[in-house]
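Enquirer: Take a look at protein_15.txt, compact mmCIF, C-alpha atoms:
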# COMPACT_ATOMS: atom_id res chain seq x y z
CA MET A 1 -8.66 -26.20 -28.88
CA ALA A 2 -6.04 -26.96 -26.21
CA GLN A 3 -6.90 -25.78 -22.73
CA GLN A 4 -4.58 -23.02 -21.45
CA LYS A 5 -2.33 -24.23 -18.64
CA THR A 6 -2.93 -22.60 -15.27
CA PHE A 7 0.15 -20.70 -14.12
CA GLY A 8 0.80 -19.12 -10.74
CA TYR A 9 2.54 -19.39 -7.38
CA LEU A 10 0.91 -20.24 -4.04
CA PRO A 11 2.39 -18.82 -0.78
CA GLN A 12 4.74 -21.75 -0.13
CA ASP A 13 6.06 -21.87 -3.71
CA ARG A 14 9.57 -20.60 -4.40
CA PRO A 15 10.45 -19.38 -7.93
CA ASN A 16 13.98 -19.81 -9.28
CA PRO A 17 16.51 -17.09 -8.27
CA PRO A 18 16.23 -14.87 -11.41
CA ALA A 19 12.43 -14.91 -11.17
CA LEU A 20 12.64 -14.30 -7.43
CA VAL A 21 14.66 -11.11 -7.97
CA SER A 22 12.57 -9.74 -10.84
CA LEU A 23 9.25 -10.50 -9.15
CA GLY A 24 10.55 -9.02 -5.89
CA LEU A 25 11.67 -5.88 -7.72
CA GLN A 26 8.18 -5.54 -9.16
CA HIS A 27 6.76 -5.53 -5.63
CA VAL A 28 9.29 -2.89 -4.58
CA LEU A 29 8.31 -0.78 -7.57
CA THR A 30 4.64 -1.17 -6.63
CA MET A 31 5.05 -0.14 -2.99
CA PHE A 32 7.76 2.48 -3.59
CA PRO A 33 5.62 5.50 -4.60
CA ALA A 34 3.19 5.28 -1.69
CA THR A 35 5.81 4.39 0.93
CA VAL A 36 8.12 7.21 -0.14
CA LEU A 37 5.26 9.71 -0.56
CA VAL A 38 4.02 9.09 2.99
CA ALA A 39 7.55 9.68 4.29
CA LEU A 40 7.86 12.92 2.32
CA LEU A 41 4.47 14.22 3.44
CA THR A 42 5.05 13.45 7.11
CA GLY A 43 8.66 14.65 7.33
CA PHE A 44 10.19 11.19 7.91
CA ASP A 45 13.49 10.10 6.36
CA VAL A 46 12.78 8.34 3.05
CA ALA A 47 15.69 5.88 3.30
CA VAL A 48 14.76 4.88 6.85
CA THR A 49 11.11 4.41 5.91
CA LEU A 50 12.16 2.28 2.93
CA PHE A 51 14.46 0.14 5.09
CA ALA A 52 11.87 -0.24 7.85
CA SER A 53 9.18 -1.33 5.40
CA GLY A 54 11.51 -3.98 3.97
CA LEU A 55 12.49 -5.23 7.42
CA ALA A 56 8.86 -5.29 8.60
CA THR A 57 7.91 -7.33 5.52
CA PHE A 58 10.79 -9.77 5.95
CA VAL A 59 10.02 -10.25 9.66
CA ALA A 60 6.33 -10.75 8.86
CA ILE A 61 7.10 -13.46 6.30
CA LEU A 62 9.28 -15.24 8.87
CA GLY A 63 6.68 -14.72 11.60
CA SER A 64 3.94 -16.30 9.52
CA ARG A 65 6.28 -19.09 8.33
CA GLY A 66 5.54 -18.01 4.78
CA ARG A 67 1.78 -18.46 5.11
CA ILE A 68 0.81 -14.77 4.69
CA PRO A 69 2.16 -13.14 1.50
CA MET A 70 1.88 -9.43 2.29
CA TYR A 71 4.03 -6.32 1.87
CA TYR A 72 4.05 -3.94 4.84
CA GLY A 73 4.54 -0.28 3.92
CA SER A 74 3.60 3.22 5.06
CA SER A 75 -0.13 3.94 5.29
CA PHE A 76 -1.95 7.05 4.07
CA SER A 77 -4.32 6.65 7.03
CA TYR A 78 -1.66 7.97 9.40
CA ILE A 79 -0.57 11.03 7.41
CA ALA A 80 -2.75 13.65 9.12
CA ALA A 81 -2.14 12.45 12.68
CA VAL A 82 1.60 11.89 12.26
CA TYR A 83 2.12 15.18 10.43
CA ALA A 84 0.25 17.01 13.19
CA VAL A 85 2.65 15.62 15.81
CA VAL A 86 5.77 16.13 13.67
CA SER A 87 4.92 19.73 12.75
CA ALA A 88 3.74 20.86 16.21
CA GLU A 89 6.02 23.14 18.24
CA TRP A 90 6.02 20.56 21.03
CA GLY A 91 6.44 17.59 18.67
CA GLY A 92 8.88 16.19 16.17
CA VAL A 93 9.71 12.97 14.35
CA GLN A 94 11.07 11.18 17.42
CA LEU A 95 7.95 11.95 19.43
CA ALA A 96 5.79 10.69 16.56
CA GLN A 97 7.90 7.52 16.56
CA ALA A 98 6.87 6.90 20.17
CA GLY A 99 3.21 7.21 19.18
CA ILE A 100 3.77 4.76 16.32
CA VAL A 101 5.35 2.20 18.68
CA VAL A 102 2.28 2.39 20.93
CA THR A 103 0.09 1.96 17.83
CA GLY A 104 2.03 -1.21 17.03
CA ILE A 105 1.53 -2.53 20.55
CA LEU A 106 -2.22 -1.85 20.28
CA ASN A 107 -2.39 -3.83 17.03
CA ILE A 108 -0.47 -6.70 18.60
CA LEU A 109 -2.87 -6.82 21.56
CA VAL A 110 -5.93 -6.86 19.28
CA GLY A 111 -4.33 -9.62 17.22
CA LEU A 112 -3.61 -11.72 20.31
CA ILE A 113 -7.21 -11.31 21.48
CA VAL A 114 -8.50 -12.45 18.09
CA ARG A 115 -6.13 -15.43 18.12
CA ALA A 116 -7.29 -16.42 21.62
CA ALA A 117 -11.02 -15.82 21.13
CA GLY A 118 -11.18 -17.05 17.55
CA LYS A 119 -11.77 -15.51 14.16
CA ASP A 120 -15.54 -15.57 14.68
CA ILE A 121 -15.40 -12.68 17.12
CA LEU A 122 -13.80 -10.47 14.50
CA ASP A 123 -16.22 -11.70 11.85
CA ARG A 124 -19.08 -10.53 14.04
CA ILE A 125 -17.46 -7.14 14.56
CA LEU A 126 -16.13 -6.84 10.99
CA PRO A 127 -18.46 -8.85 8.70
CA PRO A 128 -17.87 -8.99 4.90
CA ILE A 129 -20.16 -6.01 4.28
CA VAL A 130 -17.80 -3.92 6.44
CA THR A 131 -14.48 -5.23 5.13
CA GLY A 132 -15.69 -5.21 1.52
CA SER A 133 -17.04 -1.67 1.81
CA VAL A 134 -13.82 -0.51 3.49
CA ALA A 135 -11.80 -1.95 0.58
CA ILE A 136 -14.01 -0.05 -1.89
CA VAL A 137 -13.54 3.15 0.12
CA ILE A 138 -9.76 2.67 0.21
CA GLY A 139 -9.55 2.25 -3.55
CA ILE A 140 -12.01 4.98 -4.55
CA SER A 141 -10.73 7.45 -1.95
CA LEU A 142 -7.29 7.22 -3.55
CA ALA A 143 -8.72 8.06 -6.98
CA LYS A 144 -7.91 11.77 -6.68
CA THR A 145 -4.37 10.95 -5.54
CA ALA A 146 -3.88 8.80 -8.65
CA LEU A 147 -5.29 11.47 -10.98
CA ASP A 148 -3.25 14.21 -9.32
CA MET A 149 -0.11 12.14 -9.88
CA ALA A 150 -1.07 11.48 -13.49
CA SER A 151 -1.86 15.12 -14.25
CA GLY A 152 0.98 16.80 -12.38
CA MET A 153 -1.33 18.38 -9.81
CA CYS A 154 0.21 16.49 -6.89
CA GLN A 155 2.45 18.22 -4.36
CA GLY A 156 5.89 18.89 -5.82
CA CYS A 157 5.01 17.77 -9.36
CA VAL A 158 4.79 20.39 -12.13
CA VAL A 159 5.41 23.89 -10.75
CA ASP A 160 4.95 27.18 -12.58
CA ALA A 161 6.87 30.45 -12.13
CA ALA A 162 4.66 31.44 -9.19
CA GLY A 163 5.34 28.14 -7.43
CA ASN A 164 1.87 26.73 -8.09
CA PRO A 165 1.27 23.21 -9.40
CA THR A 166 -0.02 23.22 -12.97
CA PRO A 167 -1.35 20.39 -15.12
CA SER A 168 0.57 19.28 -18.17
CA ASN A 169 -0.68 17.51 -21.29
CA THR A 170 2.68 15.73 -21.44
CA TRP A 171 2.08 14.26 -17.98
CA TRP A 172 -1.34 12.99 -19.04
CA LEU A 173 0.13 11.43 -22.17
CA VAL A 174 2.83 9.57 -20.21
CA ALA A 175 0.32 8.44 -17.56
CA MET A 176 -2.21 7.18 -20.11
CA VAL A 177 0.44 5.30 -22.12
CA THR A 178 1.63 3.69 -18.88
CA LEU A 179 -1.92 2.77 -17.89
CA VAL A 180 -2.88 1.31 -21.27
CA VAL A 181 0.28 -0.77 -21.80
CA THR A 182 0.12 -2.08 -18.21
CA ILE A 183 -3.48 -3.22 -18.76
CA LEU A 184 -2.54 -4.79 -22.10
CA PHE A 185 0.40 -6.60 -20.51
CA SER A 186 -1.75 -7.85 -17.61
CA VAL A 187 -4.43 -9.18 -19.98
CA TYR A 188 -2.49 -10.54 -22.96
CA LEU A 189 0.63 -11.82 -21.17
CA ARG A 190 -1.34 -13.66 -18.51
CA GLY A 191 -0.44 -17.33 -18.37
CA ARG A 192 2.76 -16.79 -20.37
CA GLY A 193 5.23 -17.72 -17.65
CA LEU A 194 7.43 -15.13 -15.97
CA LEU A 195 6.54 -12.34 -18.43
CA GLY A 196 2.88 -12.77 -17.50
CA MET A 197 3.78 -12.00 -13.89
CA LEU A 198 5.56 -8.72 -14.64
CA PRO A 199 2.89 -6.45 -16.17
CA VAL A 200 3.41 -3.59 -13.72
CA LEU A 201 7.19 -3.70 -14.06
CA LEU A 202 6.94 -3.87 -17.86
CA GLY A 203 4.37 -1.09 -17.90
CA ALA A 204 6.62 1.07 -15.75
CA VAL A 205 9.57 0.43 -18.09
CA VAL A 206 7.53 1.48 -21.13
CA GLY A 207 6.19 4.51 -19.26
CA TYR A 208 9.69 5.45 -18.14
CA ALA A 209 10.95 5.28 -21.74
CA VAL A 210 8.12 7.54 -22.93
CA ALA A 211 8.77 9.96 -20.04
CA LEU A 212 12.48 10.00 -20.94
CA VAL A 213 11.66 11.00 -24.52
CA ALA A 214 9.18 13.60 -23.23
CA GLY A 215 11.84 15.17 -21.01
CA LEU A 216 10.22 14.32 -17.66
CA VAL A 217 13.21 12.40 -16.26
CA ASP A 218 15.77 14.38 -14.25
CA PHE A 219 19.08 12.57 -13.61
CA ALA A 220 20.56 15.38 -11.51
CA PRO A 221 19.73 13.64 -8.19
CA VAL A 222 21.57 10.51 -9.41
CA ASN A 223 24.71 12.50 -10.22
CA GLU A 224 24.63 14.23 -6.84
CA ALA A 225 23.94 11.11 -4.75
CA ALA A 226 26.70 9.08 -3.09
CA TRP A 227 27.04 5.41 -3.97
CA LEU A 228 26.66 4.34 -0.35
CA ALA A 229 24.63 6.29 2.17
CA ALA A 230 23.46 4.90 5.51
CA PRO A 231 19.86 5.76 6.45
CA SER A 232 19.54 8.28 9.30
CA PHE A 233 18.00 6.02 11.95
CA THR A 234 16.53 7.74 15.03
CA LEU A 235 15.15 6.45 18.35
CA PRO A 236 11.65 7.24 19.66
CA ASP A 237 11.42 9.89 22.38
CA PHE A 238 9.55 8.20 25.22
CA ALA A 239 10.85 10.77 27.74
CA ASN A 240 9.04 13.67 26.06
CA PRO A 241 6.45 15.27 28.39
CA ASN A 242 3.99 15.39 25.46
CA LEU A 243 4.16 11.63 24.93
CA LEU A 244 0.52 11.06 25.96
CA THR A 245 -0.67 13.73 23.53
CA ALA A 246 1.24 12.08 20.67
CA VAL A 247 -0.10 8.64 21.59
CA LEU A 248 -3.70 9.88 21.75
CA ALA A 249 -3.26 11.55 18.35
CA ILE A 250 -1.70 8.59 16.52
CA ALA A 251 -2.67 5.33 18.25
CA PRO A 252 -6.46 5.55 17.62
CA ILE A 253 -5.76 5.39 13.87
CA ALA A 254 -5.10 1.67 14.44
CA ILE A 255 -8.86 1.27 14.86
CA ALA A 256 -9.25 2.45 11.25
CA THR A 257 -6.42 0.32 9.86
CA ILE A 258 -7.62 -2.94 11.46
CA PRO A 259 -10.60 -3.20 9.02
CA GLU A 260 -8.23 -2.23 6.20
CA SER A 261 -5.76 -4.95 7.13
CA THR A 262 -8.60 -7.45 7.59
CA ALA A 263 -10.05 -6.58 4.18
CA HIS A 264 -6.65 -7.03 2.53
CA LEU A 265 -6.18 -10.45 4.10
CA TYR A 266 -9.67 -11.66 3.15
CA GLN A 267 -9.22 -10.41 -0.42
CA ILE A 268 -5.88 -12.09 -0.95
CA SER A 269 -7.11 -15.30 0.69
CA LEU A 270 -10.01 -15.39 -1.75
CA TYR A 271 -7.69 -15.16 -4.77
CA ILE A 272 -5.17 -17.64 -3.34
CA ASP A 273 -7.87 -20.26 -2.69
CA ARG A 274 -9.21 -19.82 -6.21
CA LEU A 275 -5.75 -20.38 -7.70
CA ALA A 276 -5.29 -23.44 -5.47
CA ASP A 277 -8.55 -24.84 -6.85
CA GLN A 278 -7.37 -24.30 -10.43
CA LEU A 279 -4.02 -25.93 -9.64
CA LYS A 280 -5.87 -28.79 -7.91
CA ARG A 281 -3.93 -28.23 -4.70
CA PRO A 282 -5.18 -27.80 -1.09
CA LYS A 283 -6.57 -24.37 -0.24
CA PRO A 284 -4.20 -22.53 2.15
CA GLY A 285 -7.12 -20.73 3.85
CA VAL A 286 -5.06 -17.61 4.64
CA SER A 287 -8.15 -15.81 6.00
CA ARG A 288 -8.01 -18.02 9.11
CA LEU A 289 -4.78 -16.23 10.11
CA ILE A 290 -6.42 -12.86 10.74
CA GLY A 291 -5.21 -12.70 14.35
CA LEU A 292 -1.63 -13.44 13.32
CA ASN A 293 -1.92 -10.89 10.52
CA LEU A 294 -2.87 -8.17 13.02
CA VAL A 295 0.03 -9.17 15.27
CA LEU A 296 2.39 -8.88 12.29
CA ASP A 297 0.87 -5.50 11.43
CA GLY A 298 1.65 -4.40 14.96
CA ILE A 299 5.21 -5.73 14.79
CA GLY A 300 5.65 -3.80 11.55
CA ASP A 301 4.52 -0.55 13.19
CA THR A 302 6.79 -1.23 16.15
CA ILE A 303 9.77 -1.72 13.83
CA ASN A 304 8.93 1.53 12.04
CA GLY A 305 8.58 3.42 15.30
CA LEU A 306 11.84 2.11 16.73
CA LEU A 307 13.90 2.89 13.61
CA GLY A 308 12.32 6.12 12.38
CA GLY A 309 9.91 4.98 9.68
CA CYS A 310 6.29 6.05 9.30
CA ALA A 311 3.42 3.87 10.52
CA GLY A 312 1.84 1.51 8.02
CA THR A 313 -0.09 -1.62 7.23
CA ASN A 314 -0.10 -4.36 4.61
CA TYR A 315 -0.46 -2.94 1.12
CA GLY A 316 -3.54 -3.22 -1.06
CA GLU A 317 -1.45 -2.15 -4.07
CA ASN A 318 0.77 -5.21 -3.70
CA ASN A 319 -2.31 -7.37 -3.18
CA SER A 320 -3.63 -5.99 -6.47
CA LEU A 321 -0.33 -6.87 -8.13
CA MET A 322 -0.57 -10.43 -6.81
CA ALA A 323 -4.15 -10.76 -8.02
CA ILE A 324 -3.15 -9.51 -11.47
CA THR A 325 -0.09 -11.73 -11.77
CA ARG A 326 -1.36 -14.77 -9.80
CA ASN A 327 1.93 -14.74 -7.92
CA TYR A 328 1.36 -15.21 -4.17
CA SER A 329 4.79 -16.58 -3.31
CA SER A 330 5.91 -15.50 0.17
CA ALA A 331 9.52 -16.00 -0.92
CA VAL A 332 9.00 -13.24 -3.50
CA LEU A 333 7.69 -10.91 -0.77
CA ALA A 334 10.72 -11.74 1.38
CA ALA A 335 12.96 -10.94 -1.60
CA ALA A 336 11.13 -7.63 -2.00
CA GLY A 337 11.84 -6.83 1.66
CA VAL A 338 15.55 -7.54 1.20
CA ILE A 339 15.68 -5.44 -1.99
CA ALA A 340 13.99 -2.54 -0.18
CA MET A 341 16.51 -2.72 2.68
CA LEU A 342 19.46 -2.80 0.27
CA LEU A 343 17.95 0.03 -1.75
CA ALA A 344 17.91 2.17 1.38
CA PHE A 345 21.73 1.93 1.59
CA VAL A 346 22.54 2.51 -2.08
CA GLY A 347 22.33 6.23 -2.60
CA LYS A 348 22.61 6.26 -6.39
CA LEU A 349 20.28 3.31 -6.86
CA GLY A 350 17.69 4.90 -4.61
CA ALA A 351 18.11 8.17 -6.49
CA LEU A 352 17.70 6.33 -9.82
CA VAL A 353 14.47 4.69 -8.67
CA GLY A 354 13.42 8.13 -7.48
CA THR A 355 13.75 9.46 -11.03
CA LEU A 356 10.68 7.43 -12.01
CA PRO A 357 8.35 10.29 -12.96
CA THR A 358 5.18 10.74 -10.94
CA ALA A 359 3.26 10.67 -14.23
CA VAL A 360 4.33 7.02 -14.65
CA THR A 361 3.40 6.04 -11.10
CA GLY A 362 0.14 7.93 -11.56
CA GLY A 363 -0.74 5.76 -14.55
CA LEU A 364 0.06 2.65 -12.52
CA ALA A 365 -1.92 3.98 -9.54
CA ILE A 366 -5.09 4.45 -11.60
CA TYR A 367 -5.05 0.73 -12.34
CA LEU A 368 -3.88 -0.56 -8.95
CA PHE A 369 -6.18 1.65 -6.85
CA GLY A 370 -9.13 0.63 -9.01
CA VAL A 371 -8.31 -3.04 -8.50
CA ILE A 372 -8.28 -2.47 -4.71
CA ALA A 373 -11.86 -1.16 -4.91
CA LEU A 374 -13.07 -3.99 -7.13
CA GLN A 375 -11.48 -6.57 -4.83
CA GLY A 376 -13.88 -5.28 -2.17
CA VAL A 377 -16.78 -6.01 -4.54
CA ALA A 378 -15.33 -9.46 -5.25
CA LEU A 379 -15.10 -10.15 -1.52
CA MET A 380 -18.77 -9.32 -0.95
CA MET A 381 -19.77 -11.45 -3.94
CA ALA A 382 -17.68 -14.41 -2.74
CA GLU A 383 -19.12 -14.15 0.78
CA ARG A 384 -22.66 -13.92 -0.68
CA VAL A 385 -23.49 -10.64 1.05
CA ASN A 386 -27.26 -10.09 0.70
CA LEU A 387 -27.62 -6.53 -0.55
CA PHE A 388 -31.40 -6.86 -0.41
CA ASP A 389 -31.15 -7.05 3.39
CA PRO A 390 -31.88 -3.57 4.83
CA ARG A 391 -29.29 -4.07 7.59
CA GLN A 392 -26.53 -4.93 5.11
CA LEU A 393 -27.56 -2.01 2.90
CA ALA A 394 -27.51 0.40 5.84
CA ILE A 395 -24.01 -0.63 6.93
CA GLY A 396 -22.54 -0.60 3.42
CA ALA A 397 -24.23 2.67 2.45
CA ALA A 398 -23.01 4.48 5.58
CA ILE A 399 -19.42 3.27 5.14
CA LEU A 400 -19.31 4.19 1.44
CA VAL A 401 -20.80 7.68 1.77
CA VAL A 402 -18.94 8.67 4.93
CA GLY A 403 -15.67 7.10 3.79
CA ILE A 404 -15.64 8.36 0.22
CA GLY A 405 -17.40 11.65 0.98
CA GLY A 406 -15.09 12.40 3.88
CA SER A 407 -12.02 11.89 1.73
CA VAL A 408 -13.31 13.95 -1.21
CA PHE A 409 -14.92 16.87 0.58
CA GLU A 410 -13.03 18.78 3.24
CA GLY A 411 -15.15 18.65 6.36
CA GLY A 412 -17.88 17.00 4.34
CA CYS A 413 -18.55 20.27 2.48
CA SER A 414 -18.29 20.49 -1.31
CA ARG A 415 -17.73 24.27 -1.12
CA SER A 416 -20.14 24.74 -4.00
CA PRO A 417 -21.97 28.11 -4.32
CA GLU A 418 -25.18 26.69 -2.86
CA CYS A 419 -23.37 25.19 0.14
CA SER A 420 -24.17 26.99 3.39
CA CYS A 421 -21.23 25.58 5.35
CA PRO A 422 -18.88 28.11 7.01
CA ARG A 423 -15.98 28.96 4.71
Can I see the file as structure tokens?

Expert:
Amino acid sequence: MAQQKTFGYLPQDRPNPPALVSLGLQHVLTMFPATVLVALLTGFDVAVTLFASGLATFVAILGSRGRIPMYYGSSFSYIAAVYAVVSAEWGGVQLAQAGIVVTGILNILVGLIVRAAGKDILDRILPPIVTGSVAIVIGISLAKTALDMASGMCQGCVVDAAGNPTPSNTWWLVAMVTLVVTILFSVYLRGRGLLGMLPVLLGAVVGYAVALVAGLVDFAPVNEAAWLAAPSFTLPDFANPNLLTAVLAIAPIAIATIPESTAHLYQISLYIDRLADQLKRPKPGVSRLIGLNLVLDGIGDTINGLLGGCAGTNYGENNSLMAITRNYSSAVLAAAGVIAMLLAFVGKLGALVGTLPTAVTGGLAIYLFGVIALQGVALMMAERVNLFDPRQLAIGAAILVVGIGGSVFEGGCSRSPECSCPR
């Protein structure tokens, strides 16, 4: 039996132009739901956030000279803090932007320290048991978000006469079809050239077609949108007397996103090196660039803050897509950044992408968020974390229970009848 040929792109590889566009579009499709949702939930302009994420990604690819294939989008970690500043009587979007710029500067400083002192200092502070457990928490903590999107229980999904979200069997059907066909594409098209690298895009197309038949697609926003519409860029308000309050509310979240960013880099480096082995090419060793990655994260936040986009980090969803497709080309990520920026200016095109039903993105999210969690497991396995060591167990157990429990239970309380917490 003939051995199947290994197919994939390493960071420095550049696909031909048609493949570059289609693969870049797949990355945009992957990051779009989360990036746009964060903007909607925090009160930021969607078009600006989309443009800023594309620019941050493009700048990061240039800044790393194509060595770090990452997409930089809005982060769920910042939602609560940013929304608190935006919605406060003394706050607003422009004040939150100032806090985001300071967050970016903090990330840049940490990255410069790591670059100067060496990667070992971060490894001691953030060993594989920490970064792997954080990746698991990120993936599992987003499970409810994925299921809410798939069922119609998410904010602004299916609404009844009283204005309350209600589940719909139709939504579940569309989400499950999307999930199943995406998995089938990712498994059975793997190694089959360009098609094998587009399982998420193909799954979304099939899901969209099913949603169209089911009546879940609304084209009214497309008809109402202008062909060209410039994003509403705004400047940060550094003169606001409440600047320090905004900074203290938002900037500390960088401490939480640094392990997230580190975990993402280590995960993607693991998969890239494995592909390099299979292709019999030198290992890029992307994990050695952790300091530069944090600097680029900070530059991305600074760009968002200066333009009016929400704070973010590199995306685990896009890392999952790369692991599924074995496409780690930085040129493709740069193309995705350009597509996102152009999309921000094309009103009708943006509106058309926005017609992608949440049920479809929910089906995709179930798969992608699960892969994020399992990449954390893969990282710990690859780094030979000894889970028989009481110290490793203690660290991992604490991160998993606090991280997952804190995201599932409000205030850590399940609100069950036997719970004695104040209600």

Enquirer: Measuring atom to atom with only C-alpha atoms, identify which of A:Gly118, A:Gly298, A:Gly312, A:Gly196 is nearest to Gly63 in chain A.

Expert: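 Among the listed residues, the smallest separation from Gly63 in chain A belongs to A:Gly298.
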
Enquirer: Taking into account all atoms listed in the file, which residue in the set A:Gly215, A:Gly309, A:Gly376, A:Pro252 is nearest to Ala344 in chain A?

Expert: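 Checking each candidate against Ala344 in chain A, we get A:Gly309 as the closest.
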
Enquirer: Around (-1.4, -17.8, -4.9), as given in the file, which residues come within 9 Å? Count all atoms listed in the file and list them as a ChimeraX atom specification.

Expert: /A:8-13,69,268-269,271-276,284,322-323,326-329

Enquirer: Report the distance between CA of Leu50 in chain A and CA of Thr325 in chain A in Å, rounded to one decimal place.

Expert: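 A separation of 23.7 Å between them.
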
Enquirer: For CA of Ala214 in chain A and CA of Ser168 in chain A, quote the distance in Å rounded to one decimal.

Expert: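 Distance between the two atoms: 11.5 Å.
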
Enquirer: Choose the residue, out of A:Leu244, A:Val134, A:Val401, A:Arg14, that has the smallest atom-to-atom separation from Gly66 in chain A; count all atoms listed in the file.

Expert: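 Using all atoms listed in the file, the shortest distance to Gly66 in chain A belongs to A:Arg14.
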
Enquirer: Name the residues in contact with Ala81 in chain A at a cut-off of 12 Å, using only C-alpha atoms, excluding same-chain residues fewer than 6 positions from it; report them as a PyMOL selection string.

Expert: chain A and resi 38+41-42+75+87-88+91+93+96-97+99-100+103+245-254+310-311

Enquirer: May I ask which of the residues A:Gly92, A:Gly104, A:Pro221, A:Gly139 is the closest one to Leu235 in chain A, counting only C-alpha atoms?

Expert: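 Closest candidate: A:Gly92.
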
Enquirer: Measuring between only C-alpha atoms, which one of A:Arg124, A:His27, A:Arg192, A:Arg391 shows the shortest distance to Gly73 in chain A?

Expert: A:His27

Enquirer: Each side padded by 8 Å, which centre and which edge lengths in Å (one decimal) define the axis-aligned box around the listed atoms of range 347-357 of chain A? Give them as lines of an AutoDock Vina configuration file.

Expert:
center_x = 15.5
center_y = 6.8
center_z = -7.8
size_x = 30.3
size_y = 23.0
size_z = 26.4

Enquirer: For Gly43 in chain A, which of A:Leu142, A:Ala80, A:Val205, A:Leu112 is the closest residue, counting all atoms listed in the file?

Expert: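 Closest to Gly43 in chain A, using all atoms listed in the file: A:Ala80.
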
Enquirer: Report the distance between CA of Ile299 in chain A and CA of Ala52 in chain A in Å, rounded to one decimal place.

Expert: 11.1 Å
